[in-house]
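Enquirer: This is entry07.txt (compact mmCIF, C-alpha atoms).
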```txt
# COMPACT_ATOMS: atom_id res chain seq x y z
CA MET A 262 0.00 0.00 0.00
CA ARG A 263 1.30 3.44 -0.87
CA TRP A 264 0.05 4.88 2.41
CA MET A 265 2.77 2.81 4.06
CA ARG A 266 5.21 4.27 1.58
CA ALA A 267 4.11 7.80 2.42
CA ALA A 268 2.46 7.97 5.84
CA GLY A 269 4.55 4.91 6.25
CA ARG A 270 7.21 5.45 3.66
CA ALA A 271 8.96 6.16 6.92
CA LEU A 272 9.27 2.49 7.79
CA LEU A 273 12.88 2.50 6.75
CA VAL A 274 16.01 2.47 8.83
CA GLY A 275 19.42 4.09 8.68
CA ALA A 276 22.33 4.79 10.98
CA VAL A 277 25.75 6.42 10.88
CA VAL A 278 28.73 6.21 13.22
CA LEU A 279 28.42 8.93 15.82
CA ALA A 280 29.70 9.54 19.29
CA GLY A 281 28.38 7.00 21.80
CA TYR A 282 25.50 7.60 24.18
CA ALA A 283 25.39 6.88 27.87
CA GLY A 284 22.45 5.28 29.63
CA PHE A 285 20.10 2.56 28.56
CA GLY A 286 16.60 3.99 28.36
CA VAL A 287 14.64 0.72 28.71
CA ARG A 288 12.92 -0.29 31.92
CA ALA A 289 14.73 -2.95 33.91
CA ASP A 290 11.65 -5.18 34.02
CA ALA A 291 11.34 -5.35 30.24
CA GLY A 292 12.91 -8.09 28.17
CA ALA A 293 16.44 -9.04 29.07
CA ALA A 294 18.11 -7.49 32.07
CA SER A 295 18.76 -3.76 31.83
CA GLY A 296 22.31 -3.12 30.66
CA SER A 297 22.35 -6.14 28.38
CA ARG A 298 24.37 -5.51 25.24
CA GLY A 299 24.99 -7.44 22.08
CA PRO A 300 23.82 -8.02 18.50
CA LEU A 301 20.45 -6.68 17.42
CA THR A 302 17.74 -7.42 14.93
CA LEU A 303 15.82 -4.49 13.52
CA VAL A 304 12.54 -5.16 11.72
CA THR A 305 10.92 -2.82 9.25
CA ALA A 306 8.80 -2.76 6.14
CA GLY A 307 10.64 -3.27 2.87
CA ASP A 308 13.46 -0.81 2.17
CA LEU A 309 12.39 1.57 -0.56
CA THR A 310 15.54 3.67 -0.95
CA ASP A 311 19.21 3.12 -1.66
CA TYR A 312 20.52 4.71 1.51
CA LEU A 313 19.70 1.95 3.99
CA SER A 314 22.37 -0.70 3.45
CA PRO A 315 25.44 1.60 3.45
CA LEU A 316 24.31 3.29 6.65
CA LEU A 317 23.76 -0.01 8.42
CA ASP A 318 27.21 -1.06 7.25
CA ASP A 319 28.59 2.08 8.93
CA TRP A 320 26.83 1.18 12.18
CA ASN A 321 28.14 -2.37 12.10
CA ASP A 322 31.71 -1.25 11.33
CA GLY A 323 31.64 1.01 14.37
CA HIS A 324 29.88 -1.47 16.68
CA PRO A 325 31.30 -4.93 15.96
CA GLY A 326 29.87 -6.32 19.19
CA GLU A 327 26.41 -4.85 18.55
CA ARG A 328 25.92 -5.59 14.88
CA VAL A 329 22.44 -5.00 13.50
CA THR A 330 20.73 -7.56 11.31
CA LEU A 331 17.96 -6.08 9.21
CA VAL A 332 14.72 -7.98 8.70
CA GLU A 333 12.62 -6.53 5.89
CA LEU A 334 8.95 -7.45 5.84
CA PRO A 335 6.64 -6.95 2.84
CA ASP A 336 6.08 -3.44 1.52
CA SER A 337 2.50 -3.49 2.73
CA ALA A 338 1.11 -1.99 5.92
CA ASP A 339 -1.26 -4.84 6.66
CA GLU A 340 1.27 -7.60 5.94
CA THR A 341 4.02 -5.89 7.90
CA ARG A 342 1.78 -5.39 10.92
CA ALA A 343 0.48 -8.97 10.75
CA GLN A 344 3.96 -10.51 10.61
CA MET A 345 5.25 -8.31 13.43
CA ILE A 346 2.29 -9.24 15.62
CA SER A 347 2.70 -12.94 14.87
CA GLU A 348 6.29 -12.85 16.10
CA LEU A 349 5.54 -10.69 19.13
CA ARG A 350 2.63 -12.88 20.23
CA SER A 351 4.81 -15.96 20.02
CA GLY A 352 7.08 -14.69 22.78
CA ARG A 353 10.15 -15.32 20.64
CA ASP A 354 13.07 -12.88 20.80
CA ARG A 355 13.65 -12.61 17.05
CA PHE A 356 13.11 -8.83 16.99
CA ASP A 357 14.85 -6.27 19.21
CA VAL A 358 13.95 -2.92 17.61
CA LEU A 359 10.74 -2.41 15.65
CA ASN A 360 10.09 0.38 13.17
CA ILE A 361 6.32 0.74 13.51
CA ASP A 362 3.73 3.02 12.00
CA VAL A 363 2.73 5.77 14.42
CA ALA A 364 -0.84 4.43 14.51
CA TRP A 365 0.33 1.09 15.94
CA THR A 366 2.05 2.43 19.05
CA SER A 367 -1.03 2.31 21.28
CA GLU A 368 -2.00 -1.19 20.14
CA PHE A 369 1.50 -2.62 20.63
CA ALA A 370 1.90 -0.92 24.02
CA ALA A 371 -1.50 -2.06 25.34
CA ALA A 372 -0.72 -5.62 24.30
CA GLY A 373 2.60 -5.58 26.14
CA TRP A 374 4.61 -6.22 22.98
CA ILE A 375 6.88 -3.18 23.38
CA SER A 376 8.65 -1.87 26.47
CA PRO A 377 8.22 1.50 28.17
CA LEU A 378 11.18 3.83 27.66
CA GLU A 379 12.73 6.40 29.99
CA ARG A 380 11.83 9.88 28.77
CA ASP A 381 15.06 11.39 30.05
CA ARG A 382 17.06 9.00 27.89
CA PHE A 383 16.03 10.75 24.67
CA PRO A 384 16.10 14.48 23.72
CA LEU A 385 12.37 14.74 23.18
CA ASP A 386 12.43 18.54 23.58
CA ALA A 387 14.44 18.73 20.35
CA PHE A 388 11.68 17.04 18.37
CA LEU A 389 8.68 18.68 16.75
CA ARG A 390 6.20 18.78 19.62
CA PRO A 391 3.24 16.82 18.17
CA VAL A 392 5.33 13.86 17.01
CA VAL A 393 6.15 12.88 20.59
CA ASP A 394 2.45 12.35 21.30
CA THR A 395 2.36 9.57 18.70
CA ALA A 396 4.92 7.65 20.76
CA THR A 397 3.02 7.73 24.05
CA PHE A 398 0.25 5.62 25.54
CA ASP A 399 -1.43 6.06 28.92
CA GLY A 400 0.96 8.90 29.64
CA ARG A 401 4.11 6.81 29.14
CA LEU A 402 6.71 6.79 26.40
CA TYR A 403 6.68 3.50 24.48
CA ALA A 404 8.64 4.51 21.39
CA VAL A 405 10.76 7.30 19.96
CA PRO A 406 9.70 9.22 16.84
CA TYR A 407 11.90 8.47 13.84
CA VAL A 408 10.13 9.99 10.82
CA THR A 409 7.10 12.24 10.69
CA ASN A 410 4.64 13.20 7.98
CA ALA A 411 1.73 15.59 7.56
CA GLY A 412 -0.72 16.19 4.78
CA LEU A 413 -0.28 19.16 2.45
CA LEU A 414 -2.54 20.81 -0.11
CA TYR A 415 -0.88 20.81 -3.52
CA TYR A 416 -2.23 23.32 -6.02
CA ARG A 417 -1.65 24.42 -9.59
CA LYS A 418 0.16 27.69 -9.06
CA ASP A 419 0.17 28.54 -12.76
CA VAL A 420 -3.61 28.25 -12.95
CA LEU A 421 -4.30 30.29 -9.81
CA ASP A 422 -1.76 32.94 -10.90
CA ARG A 423 -3.52 33.25 -14.24
CA GLU A 424 -6.80 33.80 -12.40
CA GLY A 425 -5.24 36.28 -9.97
CA GLU A 426 -6.05 33.99 -7.04
CA GLN A 427 -4.14 32.90 -3.93
CA PRO A 428 -4.21 29.28 -2.73
CA PRO A 429 -7.21 28.60 -0.48
CA ARG A 430 -6.99 28.99 3.30
CA THR A 431 -10.57 27.97 4.01
CA TRP A 432 -12.95 25.29 2.79
CA ALA A 433 -15.17 27.94 1.22
CA GLU A 434 -12.28 29.27 -0.87
CA LEU A 435 -11.29 25.75 -1.88
CA VAL A 436 -14.84 24.88 -2.91
CA ARG A 437 -15.28 28.10 -4.91
CA GLN A 438 -12.01 27.65 -6.80
CA ALA A 439 -12.53 23.93 -7.36
CA ARG A 440 -16.06 24.53 -8.71
CA THR A 441 -15.42 27.60 -10.86
CA ILE A 442 -11.75 27.62 -11.89
CA ALA A 443 -11.00 23.93 -12.42
CA PRO A 444 -13.61 23.39 -15.18
CA LYS A 445 -12.27 26.37 -17.16
CA TYR A 446 -8.98 24.52 -17.55
CA GLY A 447 -10.41 21.04 -18.02
CA LEU A 448 -9.31 19.96 -14.53
CA ASP A 449 -10.94 18.03 -11.73
CA GLY A 450 -11.31 20.18 -8.64
CA TYR A 451 -10.00 18.28 -5.65
CA ALA A 452 -8.83 14.81 -4.68
CA GLY A 453 -7.48 13.02 -1.67
CA GLN A 454 -7.18 9.33 -0.84
CA PHE A 455 -10.78 8.15 -0.86
CA LEU A 456 -10.56 4.41 -1.56
CA PRO A 457 -11.65 2.44 1.55
CA TYR A 458 -8.25 1.77 3.14
CA GLU A 459 -6.08 3.52 5.72
CA GLY A 460 -5.80 6.61 3.55
CA LEU A 461 -9.55 7.19 3.80
CA THR A 462 -9.32 7.05 7.59
CA VAL A 463 -6.63 9.72 7.42
CA ASN A 464 -8.65 11.99 5.12
CA VAL A 465 -11.79 11.65 7.25
CA THR A 466 -9.90 12.24 10.49
CA GLU A 467 -8.40 15.41 9.00
CA ALA A 468 -11.81 16.70 7.93
CA VAL A 469 -13.36 15.96 11.32
CA HIS A 470 -10.54 17.57 13.30
CA SER A 471 -10.38 20.56 10.95
CA ALA A 472 -14.04 21.19 11.77
CA GLY A 473 -13.24 21.04 15.50
CA GLY A 474 -14.37 17.49 16.18
CA SER A 475 -12.78 14.15 16.99
CA ILE A 476 -13.49 10.45 16.63
CA LEU A 477 -12.27 9.16 20.00
CA ARG A 478 -11.17 10.99 23.12
CA ASP A 479 -7.38 11.28 23.32
CA ASP A 480 -7.01 8.18 25.52
CA GLY A 481 -9.40 6.15 23.38
CA ALA A 482 -11.79 5.62 26.30
CA ARG A 483 -14.80 7.46 24.90
CA VAL A 484 -16.39 7.81 21.47
CA THR A 485 -16.79 11.46 20.46
CA VAL A 486 -17.71 11.22 16.78
CA ASP A 487 -21.48 11.85 17.14
CA SER A 488 -21.09 15.63 17.07
CA ASP A 489 -21.97 18.61 14.89
CA ALA A 490 -18.28 19.12 14.11
CA ALA A 491 -17.80 15.55 12.91
CA ARG A 492 -20.93 15.87 10.77
CA ALA A 493 -19.53 19.08 9.27
CA GLY A 494 -16.31 17.28 8.32
CA LEU A 495 -18.16 14.44 6.63
CA ARG A 496 -20.51 16.88 4.93
CA PHE A 497 -17.54 18.73 3.40
CA LEU A 498 -16.44 15.50 1.68
CA ALA A 499 -19.94 14.35 0.71
CA ASP A 500 -20.84 17.74 -0.75
CA GLY A 501 -17.71 17.60 -2.88
CA VAL A 502 -18.91 14.40 -4.53
CA ARG A 503 -22.52 15.59 -4.81
CA ASP A 504 -21.54 18.94 -6.33
CA GLY A 505 -18.87 17.50 -8.60
CA TRP A 506 -15.71 19.24 -7.40
CA ILE A 507 -14.61 15.83 -6.11
CA SER A 508 -14.83 13.50 -9.08
CA ARG A 509 -16.27 10.00 -8.81
CA GLU A 510 -12.93 8.74 -10.09
CA ALA A 511 -11.26 10.09 -6.96
CA LEU A 512 -13.29 7.63 -4.85
CA GLY A 513 -10.86 4.98 -6.11
CA TYR A 514 -7.67 6.91 -5.37
CA LYS A 515 -4.90 5.87 -3.00
CA GLU A 516 -1.70 7.91 -2.61
CA GLU A 517 -0.17 6.93 -5.91
CA GLU A 518 -3.30 7.22 -8.04
CA SER A 519 -3.96 10.70 -6.69
CA ARG A 520 -0.32 11.74 -7.11
CA GLN A 521 -0.36 10.55 -10.70
CA ALA A 522 -3.55 12.46 -11.44
CA PHE A 523 -1.99 15.67 -10.14
CA GLN A 524 1.35 15.03 -11.81
CA ASP A 525 -0.38 14.36 -15.13
CA GLY A 526 -2.04 17.76 -14.93
CA ARG A 527 -5.57 16.54 -14.24
CA LEU A 528 -6.18 18.15 -10.83
CA LEU A 529 -6.36 21.68 -9.51
CA PHE A 530 -5.97 20.61 -5.86
CA LEU A 531 -4.58 17.50 -4.17
CA ARG A 532 -4.29 16.47 -0.55
CA ASN A 533 -1.24 14.19 -0.16
CA TRP A 534 2.01 13.64 1.75
CA PRO A 535 5.31 15.53 1.28
CA TYR A 536 6.85 12.87 -0.97
CA VAL A 537 4.68 14.22 -3.80
CA TYR A 538 6.69 17.44 -3.90
CA ALA A 539 9.81 15.75 -5.25
CA ASP A 540 7.92 13.44 -7.60
CA ALA A 541 5.74 16.17 -9.08
CA GLY A 542 8.73 18.45 -9.51
CA ALA A 543 10.90 15.86 -11.24
CA SER A 544 11.86 15.81 -14.89
CA GLY A 545 9.02 14.44 -16.97
CA SER A 546 6.26 15.68 -14.69
CA LYS A 547 3.67 17.75 -16.53
CA VAL A 548 3.39 20.12 -13.54
CA ALA A 549 7.09 20.57 -12.75
CA GLY A 550 7.66 24.21 -11.84
CA ARG A 551 3.93 24.91 -12.00
CA PHE A 552 2.64 23.93 -8.56
CA GLY A 553 2.93 24.86 -4.92
CA ALA A 554 2.03 23.43 -1.52
CA VAL A 555 0.30 25.00 1.49
CA PRO A 556 -1.19 23.69 4.75
CA LEU A 557 -4.59 22.04 4.49
CA PRO A 558 -7.50 24.49 4.72
CA GLY A 559 -10.29 24.27 7.28
CA PRO A 560 -13.73 25.81 7.74
CA ASP A 561 -12.45 29.20 8.94
CA GLY A 562 -8.71 29.08 8.32
CA PRO A 563 -5.88 26.55 8.33
CA GLY A 564 -7.11 23.02 8.91
CA THR A 565 -5.65 20.07 10.76
CA SER A 566 -3.52 17.32 9.28
CA VAL A 567 -3.09 13.81 10.60
CA LEU A 568 0.41 12.82 11.60
CA GLY A 569 2.02 10.05 9.63
CA GLY A 570 5.45 8.54 9.97
CA SER A 571 7.03 5.86 12.10
CA ASN A 572 8.32 5.31 15.63
CA LEU A 573 11.13 3.10 16.90
CA ALA A 574 10.24 0.75 19.75
CA VAL A 575 12.02 -1.92 21.76
CA SER A 576 10.41 -5.35 21.86
CA SER A 577 9.45 -6.55 25.33
CA HIS A 578 11.42 -9.71 24.48
CA ALA A 579 14.51 -7.87 23.24
CA ARG A 580 17.71 -9.77 23.93
CA HIS A 581 19.84 -6.66 24.36
CA PRO A 582 17.68 -3.70 25.38
CA ALA A 583 20.59 -1.41 26.23
CA SER A 584 22.06 -1.78 22.75
CA ALA A 585 18.56 -1.34 21.33
CA ALA A 586 18.15 1.99 23.14
CA ASP A 587 21.54 3.15 21.87
CA LEU A 588 20.56 2.28 18.30
CA ILE A 589 17.38 4.30 18.67
CA SER A 590 19.43 7.24 19.96
CA TYR A 591 21.67 7.05 16.90
CA LEU A 592 18.75 6.87 14.52
CA THR A 593 17.09 9.91 16.06
CA SER A 594 20.23 12.03 16.52
CA GLU A 595 20.40 15.26 14.54
CA ARG A 596 23.16 14.03 12.24
CA VAL A 597 21.27 10.90 11.25
CA GLN A 598 18.00 12.80 10.99
CA ARG A 599 19.65 15.10 8.49
CA LYS A 600 20.52 12.03 6.41
CA VAL A 601 16.96 10.75 6.77
CA LEU A 602 15.95 13.88 4.84
CA THR A 603 18.85 14.32 2.42
CA GLU A 604 19.46 10.66 1.56
CA GLY A 605 16.09 9.09 2.29
CA SER A 606 13.78 11.97 1.28
CA LEU A 607 11.80 11.39 4.49
CA PRO A 608 10.57 14.15 6.84
CA PRO A 609 12.74 14.22 9.99
CA VAL A 610 11.49 14.68 13.55
CA ARG A 611 14.21 17.10 14.68
CA ALA A 612 12.77 20.63 14.84
CA ALA A 613 16.04 22.46 14.10
CA LEU A 614 16.32 20.88 10.66
CA TYR A 615 13.16 22.66 9.52
CA GLU A 616 14.85 26.01 10.11
CA ASP A 617 18.18 25.19 8.50
CA PRO A 618 18.71 27.65 5.59
CA GLU A 619 20.73 25.17 3.55
CA LEU A 620 18.04 22.51 3.84
CA ILE A 621 15.26 24.98 3.07
CA ARG A 622 17.03 25.96 -0.15
CA ALA A 623 17.17 22.29 -1.15
CA TYR A 624 13.68 21.44 0.18
CA PRO A 625 11.56 24.61 -0.10
CA TYR A 626 8.47 22.91 1.30
CA LEU A 627 10.06 22.45 4.76
CA PRO A 628 8.54 25.60 6.37
CA THR A 629 5.08 24.59 5.11
CA LEU A 630 5.57 21.04 6.34
CA ARG A 631 6.71 22.31 9.74
CA GLU A 632 3.56 24.43 10.02
CA SER A 633 1.43 21.43 9.11
CA VAL A 634 3.16 19.10 11.57
CA LEU A 635 2.88 21.60 14.43
CA SER A 636 -0.90 21.78 13.99
CA ALA A 637 -1.36 18.07 13.25
CA VAL A 638 -3.00 15.39 15.38
CA PRO A 639 -2.42 11.63 15.73
CA ARG A 640 -4.94 9.17 14.39
CA PRO A 641 -7.41 7.90 17.03
CA LYS A 642 -5.48 6.19 19.82
CA SER A 643 -6.85 2.75 20.55
CA PRO A 644 -5.49 -0.68 21.44
CA ARG A 645 -7.86 -1.89 18.70
CA TYR A 646 -6.92 0.70 16.16
CA ASP A 647 -7.16 -1.64 13.19
CA GLN A 648 -10.85 -2.22 13.94
CA VAL A 649 -11.46 1.48 14.57
CA SER A 650 -9.94 2.31 11.20
CA LEU A 651 -12.02 -0.31 9.38
CA ALA A 652 -15.21 1.11 10.92
CA VAL A 653 -14.28 4.65 9.88
CA GLN A 654 -13.53 3.51 6.33
CA ALA A 655 -16.81 1.65 5.93
CA VAL A 656 -18.92 4.53 7.17
CA ALA A 657 -17.00 7.17 5.21
CA GLN A 658 -17.32 5.12 2.02
CA ASP A 659 -21.10 5.13 2.38
CA VAL A 660 -21.15 8.88 3.02
CA MET A 661 -18.98 9.70 0.01
CA ALA A 662 -20.99 7.32 -2.16
CA LEU A 663 -24.05 9.33 -1.01
CA ARG A 664 -25.69 6.23 0.46
CA GLN A 665 -25.86 7.75 3.96
CA THR A 666 -26.17 11.28 5.27
CA PRO A 667 -23.54 12.67 7.67
CA GLU A 668 -26.17 12.52 10.42
CA GLN A 669 -26.84 8.83 9.80
CA ALA A 670 -23.12 8.14 9.48
CA THR A 671 -21.99 9.69 12.75
CA ALA A 672 -24.74 7.90 14.68
CA ARG A 673 -23.79 4.60 13.04
CA LEU A 674 -20.08 5.12 13.65
CA ALA A 675 -20.71 5.95 17.30
CA ARG A 676 -22.59 2.65 17.69
CA GLU A 677 -19.88 0.65 15.96
CA LEU A 678 -17.01 2.25 17.87
CA GLY A 679 -18.68 1.93 21.26
CA PRO A 680 -17.59 -1.69 21.86
CA LEU A 681 -14.07 -0.84 20.64
CA SER A 682 -13.47 2.04 23.05
CA ARG A 683 -11.21 1.37 26.00
CA LYS A 684 -12.99 0.39 29.18
CA ARG A 685 -11.40 1.78 32.30
```
Just give me the structure as structure tokens.

Expert:
Amino acid sequence: MRWMRAAGRALLVGAVVLAGYAGFGVRADAGAASGSRGPLTLVTAGDLTDYLSPLLDDWNDGHPGERVTLVELPDSADETRAQMISELRSGRDRFDVLNIDVAWTSEFAAAGWISPLERDRFPLDAFLRPVVDTATFDGRLYAVPYVTNAGLLYYRKDVLDREGEQPPRTWAELVRQARTIAPKYGLDGYAGQFLPYEGLTVNVTEAVHSAGGSILRDDGARVTVDSDAARAGLRFLADGVRDGWISREALGYKEEESRQAFQDGRLLFLRNWPYVYADAGASGSKVAGRFGAVPLPGPDGPGTSVLGGSNLAVSSHARHPASAADLISYLTSERVQRKVLTEGSLPPVRAALYEDPELIRAYPYLPTLRESVLSAVPRPKSPRYDQVSLAVQAVAQDVMALRQTPEQATARLARELGPLSRKR
């Protein structure tokens, strides 16, 4: 799935030789005894870039007694999660460090598959503030952010310039431009990721939060989706289909289909992840040099994105938790995070990198991405997140297919999520 390659394109790993770190960072009651050092196994989704192997070679050259063996699982969110869970449930110690999607942290922590970490062990204050929230559960740190992601609104700058228009900051401006300007140029108005899969959950969550609502309370203990704000978010999407500024074709889009539509010059506006910026600006793209990116709009101003990316966690059955914590420190250090961006084309979690003039010259979307990340929210936190997401997808599909009204949908979703909410 491309959402794993974008919201999850982050499930890659890399390390370089840096100065050592003191301390262990893993609770003494987790896995092997605290202080245990030795070889490691790091598990991730399939490597999608060329920078991974050389960087792991650097780590291994500098740490001959703590060599890392990489286990690559399929390049699919569902398959990766299923194989990780199968190993973790077995109680085997095959995996030490896990590179997990940010949406899985709560589930893995609640199940006891990953160990709590000591907050003081990692420089969390140096990270973009919202990304740390994706690594916590029940007020405790269970992982360390490695890569982040936030949705952006891509727009045809050449078209808006010709019309004397600025990119939209509100839903009303987006709707007006998508309805009136796009048809003049033979374009579809707006698209996101509307096929029933994880991408639809992301798009719906963004619309609901942008309108001031939520799906679950922050701790996952109470369902909050049956609200006027949530209905407003769903209505925004349904009206787009009904009024034609969201095409019926877009109901079958995932990340790559929507990117291709924009890159082929068929869309005025696109909601997608930062990876699109490089692809759409590359040689051969029909919109290279003719587009821009801004934060997602909302009802009355800037909207709210959902955080994507991945976190690094230590298995509760890790053989060498001290070495595992050191590896996580390396991977999240500023020097490695710079390489995550420059060699892996992945959004880093270190805040200072978003203000680096040299990086901004090379990646001009960084200030916009920083703004989006700082106002972003995690997906609903739940130990049963996979079931929560499936429920959201099913209901949202019916709304966007105009089979249910937003009022019917929020009531139905509240009923379906009730048994999945955490009972305290």

Enquirer: Taking only residues of range 433-478 of chain A that have an atom at most 10 Å from an atom of range 494-502 of chain A, what is each one's shortest atom pair and its distance in Å to one decimal, using only C-alpha atoms, in chain and number order, as CSV?

Expert:
```
residue,atom,partner,partner_atom,distance
A:Ala433,CA,A:Phe497,CA,9.8
A:Val436,CA,A:Gly501,CA,7.8
A:Ala439,CA,A:Gly501,CA,9.3
A:Arg440,CA,A:Gly501,CA,9.2
A:Gly450,CA,A:Gly501,CA,9.0
A:Tyr451,CA,A:Gly501,CA,8.2
A:Ala452,CA,A:Gly501,CA,9.5
A:Gly453,CA,A:Leu498,CA,9.9
A:Phe455,CA,A:Leu498,CA,9.6
A:Asn464,CA,A:Leu498,CA,9.2
A:Val465,CA,A:Leu495,CA,7.0
A:Thr466,CA,A:Gly494,CA,8.4
A:Glu467,CA,A:Gly494,CA,8.2
A:Ala468,CA,A:Gly494,CA,4.6
A:Val469,CA,A:Gly494,CA,4.4
A:His470,CA,A:Gly494,CA,7.6
A:Ser471,CA,A:Gly494,CA,7.3
A:Ala472,CA,A:Gly494,CA,5.7
A:Gly473,CA,A:Gly494,CA,8.7
A:Gly474,CA,A:Gly494,CA,8.1
A:Ser475,CA,A:Gly494,CA,9.9
```

Enquirer: For Arg390 in chain A, which residue among A:Glu632, A:Asp617, A:Asp489, A:Asp647 is the nearest when counting all atoms listed in the file?

Expert: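 Ranked by minimum distance to Arg390 in chain A, first place goes to A:Glu632.
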
Enquirer: Which residues come within 8 Å of Gly460 in chain A, counting only C-alpha atoms, excluding same-chain residues fewer than 3 positions away, as a ChimeraX atom specification?

Expert: /A:264,454-457,463-464,515-516

Enquirer: Could you build a table of the residues in range 375-421 of chain A lying no more than 12 Å from range 597-603 of chain A, giving for each the nearest pair of atoms and their separation in Å rounded to one decimal place, using all atoms listed in the file, ordered by chain and ascending residue number, as JSON lines?

Expert:
```
{"residue": "A:Ala387", "atom": "CA", "partner": "A:Gln598", "partner_atom": "CA", "distance": 11.6}
{"residue": "A:Phe388", "atom": "CA", "partner": "A:Gln598", "partner_atom": "CA", "distance": 10.6}
{"residue": "A:Pro406", "atom": "CA", "partner": "A:Gln598", "partner_atom": "CA", "distance": 10.8}
{"residue": "A:Tyr407", "atom": "CA", "partner": "A:Gln598", "partner_atom": "CA", "distance": 8.0}
{"residue": "A:Val408", "atom": "CA", "partner": "A:Val601", "partner_atom": "CA", "distance": 8.0}
{"residue": "A:Thr409", "atom": "CA", "partner": "A:Val601", "partner_atom": "CA", "distance": 10.7}
{"residue": "A:Asn410", "atom": "CA", "partner": "A:Leu602", "partner_atom": "CA", "distance": 11.8}
```

Enquirer: A:Ile375, A:Ala343, A:Leu461, A:Val555: which is nearest Gln427 in chain A, counting only C-alpha atoms?

Expert: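 Answer, going by the shortest atom-to-atom distance: A:Val555.
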
Enquirer: When you look at range 355-363 of chain A with a cut-off of 7 Å (counting all atoms listed in the file), what residues show up, excluding the ones that are within fewer than 2 positions of it in the same chain? I need them as a PyMOL selection string.

Expert: chain A and resi 269+272+301-305+353+365-366+395-396+569-576+579-580+585

Enquirer: Select, from A:Trp506, A:Tyr403, A:Tyr624, A:Tyr615, the residue with the minimum atom-to-atom distance to Thr441 in chain A, counting only C-alpha atoms.

Expert: A:Trp506

Enquirer: With distances taken over all atoms listed in the file, which of A:Asn533, A:Thr431, A:Gln658, A:Gln665 is nearest to Arg509 in chain A?

Expert: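 With all atoms listed in the file as the atom set, the closest residue is A:Gln658.
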
Enquirer: Which of these, A:Leu651, A:Val634, A:Leu385, A:Val660, has the shortest distance to Pro608 in chain A once you count only C-alpha atoms?

Expert: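 Closest to Pro608 in chain A of all the choices is A:Val634.
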
Enquirer: For Ile476 in chain A, list every protein, DNA or RNA residue within 7 Å, evaluated using only C-alpha atoms, and leave out those in the same chain fewer than 4 positions away; present the list as a list in words.

Expert: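 Once the nearby chain positions are removed, what remains is Val484, Thr485, Val486 and Pro641 of chain A.
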